[in-house]
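Notes follow once the structure below has been shown.
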Amino acid sequence: MTDTASSPVAASPIVSPQGERVGFLLVFLSALMWSFGGSIARFIDNADSWTVVFWRSVWAAAFLLCFMVWRDGWRGTLKLFRGMGLAGLAVAFCFATASTSFVVALAYTTVANILLMQAGVPLLAALFAWALFRERVAVATWVAIAAVIVGVAIMVSESLDGAVSPIGDGLALLIAVMFSIATVITRRFAHVRMTPATCLGTMLAAAFAASQASALGVSSHDMGFLFAFGVINLGLGLAFFATGARLVPAAVAALLGTFEPILGPIWVWLIHSEMPSARTIVGGAVVVTALLVHIGLEFKRQTRPARAGVTGVPSPN
């Protein structure tokens, strides 16, 4: 998930200790809400992924729109939409692609595969920032990026020998790439509020899914879980993150964000008995370890005087 709530290239605001504690709680709650996505999706009986994408996106868009109106008023909300520019449109496209791919990928691979690949998003974003904008990347970040690539390769290797569908792993990788690009854009345009961009992304996803779905009618049982999938998992998670990540350092926000890929597979295992494969566990452990070690080093770096031009860890996706 991506928002402009935190950026390592922007000056950190002065926040009171109490405000920082509130920020810690809100960012953790955002990761907690996002971690329930796979578990909620497994309760939905409708086999048409596009129908699921449509209703999840509709509920998330409605919630995010209400959240912005409550926070900024109607005029402020319209101003935010007008002010997001091409950067916001690009983030909206990335978010629409990623959120759609997440739902479709669930039909082909495990929740663990999808979420553990997403754990590497902050480091993949650093790689894209170097490739696209020639941002300097610290040696430690290069090492962590290499570790993430190795971890993802271990997970994807199952699709090469036919153990799992290559479609599922391909979509999981696409999600990570889209979130990484959105993160880079968000950091480059830190002055632009991206909450309306994520809202627009849900609208785009809903519109595309409506054109692909065989039917939009669902049972009352499914609608309840689709409401939770869109409002609690996606919309509320974004609202918590957008509010809280402005109050904490970028490295701390990234660290708290790792609870999503760590907790998500655990919920699915406990609730649905969906066990990740051995290679998913090994590859995921490599990715999460690389991210945690790098975030720890980044946190130490941020306590020292900033070195201009060195890429750090972006906010969690």
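Labels used: A, B, ... for chains in the order of the structure tokens, numbers from 1 for residues in each chain, and numbers from 1 for ligands as shown.
Contact shell of Asp45 (chain A) at 10 Å (only C-alpha atoms; same-chain neighbours under 2 positions omitted): A:Ala41, A:Arg42, A:Phe43, A:Ala47, A:Asp48, A:Val52, A:Val218, A:Ser219, A:His221, A:Asp222, A:Phe225.
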Residues from last step as file, C-alpha atoms, as an mmCIF file, in the first residue's frame:
data_model
loop_
_atom_site.group_PDB
_atom_site.id
_atom_site.type_symbol
_atom_site.label_atom_id
_atom_site.label_comp_id
_atom_site.auth_asym_id
_atom_site.auth_seq_id
_atom_site.Cartn_x
_atom_site.Cartn_y
_atom_site.Cartn_z
ATOM 1 C CA ALA A 41 -10.819 -13.293 0.574
ATOM 2 C CA ARG A 42 -10.784 -17.012 1.413
ATOM 3 C CA PHE A 43 -14.279 -16.663 2.951
ATOM 4 C CA ALA A 47 -15.540 -17.831 -8.063
ATOM 5 C CA ASP A 48 -15.413 -14.824 -10.414
ATOM 6 C CA VAL A 52 -14.743 -9.676 -6.188
ATOM 7 C CA VAL A 218 -23.459 -11.728 -5.157
ATOM 8 C CA SER A 219 -25.024 -13.447 -2.172
ATOM 9 C CA HIS A 221 -22.961 -13.836 2.666
ATOM 10 C CA ASP A 222 -20.381 -12.742 0.090
ATOM 11 C CA PHE A 225 -17.177 -10.238 3.395
#
Spatial neighbours of region 85-88 of chain A, max dist 10 Å, only C-alpha atoms, sep filter under 5 positions, as a VMD selection string: chain A and resid 80 93 to 94 182 185 to 186 188 to 189 192 to 198 200 to 201
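Excluding Val148 (chain A) and any residue on its chain fewer than 3 positions from it, the residues at most 6 Å away by only C-alpha atoms are Gly120, Ile145, Gly151 and Val287 of chain A.
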Pick from A:Gly257, A:Gly38, A:Gly224, A:Gly168: nearest to Gly237 (chain A), with only C-alpha atoms counted? A:Gly257
A:Leu292, A:Asn233, A:Ala112, A:Val139: which is nearest Ala278 (chain A), counting only C-alpha atoms?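 The shortest atom-to-atom distance to Ala278 (chain A) comes from A:Ala112.
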Which residue is closest to Leu255 (chain A)? Choose from A:Ala228, A:Met33, A:Ala119, A:Ile181 and count only C-alpha atoms. A:Ala119
So that I can see what lies close to Leu216 (chain A), please list as number ranges by chain the residues with an atom at most 9 Å from it, counting only C-alpha atoms and leaving out residues fewer than 5 positions away in the same chain. A: 50-52, 54-55, 210
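Shortest atom-to-atom contact with Leu124 (chain A) among A:Ser30, A:Asn46, A:Thr258, A:Thr183: A:Thr183, counting only C-alpha atoms.
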Distance criterion (only C-alpha atoms): nearest to Asn113 (chain A) out of A:Leu26, A:Gly284, A:Phe179, A:Glu135: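 For Asn113 (chain A), the nearest of the candidates is A:Gly284.
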Pick from A:Met275, A:Ala96, A:Ala290, A:Ile44, whichever lies nearest to Ala209 (chain A) using only C-alpha atoms: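 Between A:Met275, A:Ala96, A:Ala290, A:Ile44, the residue approaching Ala209 (chain A) most closely is A:Ala96.
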Just give me the gap between CA of Ala140 (chain A) and CA of Leu127 (chain A) in Å, one decimal is fine.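 Here the two named atoms are 12.4 Å from each other.
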I'd like the contact shell of Ala126 (chain A) - 12 Å cut-off, only C-alpha atoms, skipping same-chain residues fewer than 4 positions apart - returned as a PDB file with C-alpha atoms, in the first residue's frame.
ATOM      1  CA  PRO A   8      12.841   9.926   3.325  1.00  0.00           C
ATOM      2  CA  GLY A 120      10.572  -6.475  -0.723  1.00  0.00           C
ATOM      3  CA  VAL A 121       8.755  -3.422  -2.121  1.00  0.00           C
ATOM      4  CA  PRO A 122      10.815  -0.792  -0.210  1.00  0.00           C
ATOM      5  CA  TRP A 130      18.386   4.310  -9.072  1.00  0.00           C
ATOM      6  CA  ALA A 131      17.425   3.002 -12.533  1.00  0.00           C
ATOM      7  CA  LEU A 132      14.942   5.770 -13.372  1.00  0.00           C
ATOM      8  CA  PHE A 133      16.313   8.805 -11.556  1.00  0.00           C
ATOM      9  CA  ARG A 134      19.909   7.821 -10.772  1.00  0.00           C
ATOM     10  CA  GLU A 135      19.382   8.284  -7.061  1.00  0.00           C
ATOM     11  CA  ARG A 136      22.449   7.162  -5.160  1.00  0.00           C
ATOM     12  CA  VAL A 137      21.996   3.833  -3.403  1.00  0.00           C
ATOM     13  CA  ALA A 138      24.050   2.909  -0.345  1.00  0.00           C
ATOM     14  CA  VAL A 139      26.141  -0.277  -0.461  1.00  0.00           C
ATOM     15  CA  ALA A 140      24.046  -1.821   2.316  1.00  0.00           C
ATOM     16  CA  THR A 141      20.929  -1.187   0.228  1.00  0.00           C
ATOM     17  CA  TRP A 142      22.481  -2.943  -2.782  1.00  0.00           C
ATOM     18  CA  VAL A 143      23.245  -5.969  -0.605  1.00  0.00           C
ATOM     19  CA  ALA A 144      19.669  -5.989   0.692  1.00  0.00           C
ATOM     20  CA  ILE A 145      18.294  -5.648  -2.866  1.00  0.00           C
ATOM     21  CA  ALA A 146      20.376  -8.640  -3.953  1.00  0.00           C
ATOM     22  CA  VAL A 148      15.436  -9.722  -1.943  1.00  0.00           C
ATOM     23  CA  VAL A 177       6.612  -3.965  -9.078  1.00  0.00           C
ATOM     24  CA  PHE A 179       3.779  -0.820  -5.534  1.00  0.00           C
ATOM     25  CA  SER A 180       7.497  -0.117  -5.967  1.00  0.00           C
ATOM     26  CA  ILE A 181       6.891   2.262  -8.877  1.00  0.00           C
ATOM     27  CA  ALA A 182       4.094   3.976  -6.942  1.00  0.00           C
ATOM     28  CA  THR A 183       6.443   4.367  -3.976  1.00  0.00           C
ATOM     29  CA  VAL A 184       9.128   5.993  -6.142  1.00  0.00           C
ATOM     30  CA  ILE A 185       6.595   8.404  -7.673  1.00  0.00           C
ATOM     31  CA  ARG A 187       8.706  10.015  -2.924  1.00  0.00           C
ATOM     32  CA  ARG A 188       9.593  12.150  -5.960  1.00  0.00           C
ATOM     33  CA  LEU A 291      14.266  -5.877   4.861  1.00  0.00           C
ATOM     34  CA  HIS A 294      18.208  -2.874   6.196  1.00  0.00           C
ATOM     35  CA  GLY A 309      21.226  11.985  -2.211  1.00  0.00           C
ATOM     36  CA  VAL A 310      21.456   8.568  -0.581  1.00  0.00           C
ATOM     37  CA  THR A 311      18.378   6.463  -1.050  1.00  0.00           C
ATOM     38  CA  GLY A 312      16.760   5.220   2.138  1.00  0.00           C
ATOM     39  CA  VAL A 313      13.759   3.075   2.877  1.00  0.00           C
ATOM     40  CA  PRO A 314      10.493   4.461   1.513  1.00  0.00           C
ATOM     41  CA  SER A 315       7.177   4.229   3.293  1.00  0.00           C
TER      42      SER A 315
END
For Ser99 (chain A), work out the shell of residues within 12 Å, counting only C-alpha atoms and skipping chain neighbours fewer than 2 positions away, then give it as a PyMOL selection string. chain A and resi 1-2+34+37+49-50+52-54+56-57+60+91-97+101-106+114+171-172+174-176+178-179+198-199+201-206+208-209+229-230+233-235+317
Residues from last step as file, N, CA and C atoms, as a compact mmCIF listing (two decimals), in the first residue's frame:
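Once everything was written out, this is again35.txt:
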# COMPACT_ATOMS: atom_id res chain seq x y z
N MET A 1 0.83 -1.18 0.00
CA MET A 1 0.00 0.00 0.00
C MET A 1 0.88 1.25 0.00
N THR A 2 0.39 2.28 -0.67
CA THR A 2 1.27 3.43 -0.83
C THR A 2 0.53 4.73 -0.54
N TRP A 34 -4.36 -4.49 6.72
CA TRP A 34 -3.94 -5.05 5.43
C TRP A 34 -3.63 -6.54 5.53
N GLY A 37 -6.32 -9.28 4.56
CA GLY A 37 -6.85 -9.38 3.20
C GLY A 37 -7.01 -10.80 2.70
N SER A 49 -13.27 -13.76 -10.00
CA SER A 49 -12.37 -12.79 -9.38
C SER A 49 -12.73 -11.36 -9.72
N TRP A 50 -13.25 -11.14 -10.94
CA TRP A 50 -13.58 -9.78 -11.37
C TRP A 50 -14.76 -9.22 -10.58
N VAL A 52 -15.35 -10.00 -7.48
CA VAL A 52 -14.74 -9.68 -6.19
C VAL A 52 -13.98 -8.36 -6.28
N VAL A 53 -13.22 -8.17 -7.35
CA VAL A 53 -12.48 -6.92 -7.53
C VAL A 53 -13.44 -5.74 -7.57
N PHE A 54 -14.55 -5.91 -8.30
CA PHE A 54 -15.51 -4.81 -8.44
C PHE A 54 -16.05 -4.37 -7.09
N ARG A 56 -15.07 -5.11 -3.99
CA ARG A 56 -14.03 -4.65 -3.05
C ARG A 56 -13.65 -3.21 -3.36
N SER A 57 -13.47 -2.91 -4.65
CA SER A 57 -13.06 -1.57 -5.06
C SER A 57 -14.15 -0.55 -4.82
N ALA A 60 -14.21 0.15 -1.07
CA ALA A 60 -13.01 0.91 -0.67
C ALA A 60 -13.09 2.35 -1.15
N VAL A 91 0.13 7.03 -9.92
CA VAL A 91 -0.04 6.24 -8.70
C VAL A 91 -1.39 5.54 -8.72
N ALA A 92 -2.43 6.22 -9.19
CA ALA A 92 -3.76 5.60 -9.28
C ALA A 92 -3.72 4.38 -10.19
N PHE A 93 -3.04 4.49 -11.33
CA PHE A 93 -2.93 3.36 -12.25
C PHE A 93 -2.18 2.20 -11.60
N CYS A 94 -1.07 2.53 -10.93
CA CYS A 94 -0.29 1.48 -10.26
C CYS A 94 -1.12 0.80 -9.18
N PHE A 95 -1.85 1.60 -8.40
CA PHE A 95 -2.65 1.04 -7.33
C PHE A 95 -3.79 0.19 -7.88
N ALA A 96 -4.44 0.65 -8.94
CA ALA A 96 -5.52 -0.13 -9.56
C ALA A 96 -5.00 -1.47 -10.06
N THR A 97 -3.83 -1.45 -10.70
CA THR A 97 -3.24 -2.69 -11.21
C THR A 97 -2.87 -3.63 -10.08
N SER A 101 -4.62 -7.17 -9.26
CA SER A 101 -3.77 -8.36 -9.37
C SER A 101 -3.79 -9.17 -8.08
N PHE A 102 -3.91 -8.49 -6.93
CA PHE A 102 -3.94 -9.19 -5.65
C PHE A 102 -5.12 -10.17 -5.60
N VAL A 103 -6.28 -9.69 -5.98
CA VAL A 103 -7.49 -10.54 -5.92
C VAL A 103 -7.39 -11.68 -6.92
N VAL A 104 -6.96 -11.37 -8.14
CA VAL A 104 -6.86 -12.41 -9.17
C VAL A 104 -5.79 -13.44 -8.79
N ALA A 105 -4.67 -12.98 -8.22
CA ALA A 105 -3.58 -13.89 -7.85
C ALA A 105 -4.01 -14.88 -6.79
N LEU A 106 -4.95 -14.51 -5.94
CA LEU A 106 -5.41 -15.40 -4.87
C LEU A 106 -6.02 -16.68 -5.43
N ILE A 114 2.11 -14.19 -2.15
CA ILE A 114 1.80 -12.82 -2.56
C ILE A 114 2.36 -11.81 -1.57
N LEU A 171 1.62 -12.64 -11.17
CA LEU A 171 0.79 -11.55 -10.64
C LEU A 171 1.32 -11.04 -9.32
N ALA A 172 1.82 -11.95 -8.47
CA ALA A 172 2.40 -11.52 -7.19
C ALA A 172 3.60 -10.61 -7.43
N LEU A 174 4.06 -8.82 -10.15
CA LEU A 174 3.54 -7.58 -10.73
C LEU A 174 3.05 -6.64 -9.62
N ILE A 175 2.42 -7.20 -8.59
CA ILE A 175 1.96 -6.38 -7.47
C ILE A 175 3.14 -5.65 -6.84
N ALA A 176 4.22 -6.39 -6.57
CA ALA A 176 5.41 -5.79 -5.95
C ALA A 176 6.00 -4.70 -6.84
N MET A 178 4.43 -2.86 -9.17
CA MET A 178 3.52 -1.71 -9.22
C MET A 178 3.62 -0.87 -7.94
N PHE A 179 3.65 -1.55 -6.79
CA PHE A 179 3.78 -0.82 -5.53
C PHE A 179 5.12 -0.11 -5.45
N THR A 198 -5.12 6.98 -4.49
CA THR A 198 -5.52 5.62 -4.17
C THR A 198 -7.03 5.45 -4.32
N CYS A 199 -7.78 6.49 -3.98
CA CYS A 199 -9.23 6.45 -4.17
C CYS A 199 -9.57 6.32 -5.64
N GLY A 201 -7.64 5.08 -7.85
CA GLY A 201 -7.21 3.75 -8.25
C GLY A 201 -8.29 2.71 -8.01
N THR A 202 -9.00 2.81 -6.88
CA THR A 202 -10.08 1.87 -6.61
C THR A 202 -11.23 2.07 -7.61
N MET A 203 -11.47 3.32 -7.99
CA MET A 203 -12.52 3.59 -8.97
C MET A 203 -12.15 2.99 -10.34
N LEU A 204 -10.89 3.14 -10.74
CA LEU A 204 -10.43 2.57 -12.01
C LEU A 204 -10.54 1.05 -11.98
N ALA A 205 -10.14 0.46 -10.86
CA ALA A 205 -10.21 -1.00 -10.73
C ALA A 205 -11.66 -1.47 -10.83
N ALA A 206 -12.57 -0.74 -10.18
CA ALA A 206 -13.98 -1.11 -10.22
C ALA A 206 -14.54 -1.01 -11.64
N PHE A 208 -12.89 -1.21 -14.53
CA PHE A 208 -12.34 -2.26 -15.40
C PHE A 208 -12.95 -3.61 -15.04
N ALA A 209 -13.08 -3.89 -13.73
CA ALA A 209 -13.64 -5.17 -13.31
C ALA A 209 -15.08 -5.32 -13.77
N PHE A 229 -13.70 -6.70 3.06
CA PHE A 229 -12.54 -6.72 2.18
C PHE A 229 -12.22 -5.32 1.67
N GLY A 230 -13.26 -4.56 1.33
CA GLY A 230 -13.04 -3.22 0.78
C GLY A 230 -12.87 -2.16 1.84
N ASN A 233 -10.23 -3.98 5.30
CA ASN A 233 -8.89 -4.37 4.83
C ASN A 233 -8.21 -3.26 4.03
N LEU A 234 -8.89 -2.73 3.03
CA LEU A 234 -8.25 -1.78 2.12
C LEU A 234 -8.45 -0.32 2.56
N GLY A 235 -9.69 0.10 2.70
CA GLY A 235 -9.96 1.50 2.99
C GLY A 235 -9.48 1.95 4.35
N ASN A 317 4.05 -0.17 1.56
CA ASN A 317 3.03 -0.16 0.57
C ASN A 317 1.80 -0.88 1.03
Record the distance separating CA of Arg246 (chain A) and CA of Phe227 (chain A), expressed in Å with one decimal.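 Value for the CA of Arg246 (chain A)-CA of Phe227 (chain A) distance: 27.3 Å.
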Work out how far CA of Glu274 (chain A) is from CA of Val111 (chain A), in Å to one decimal. 8.3 Å
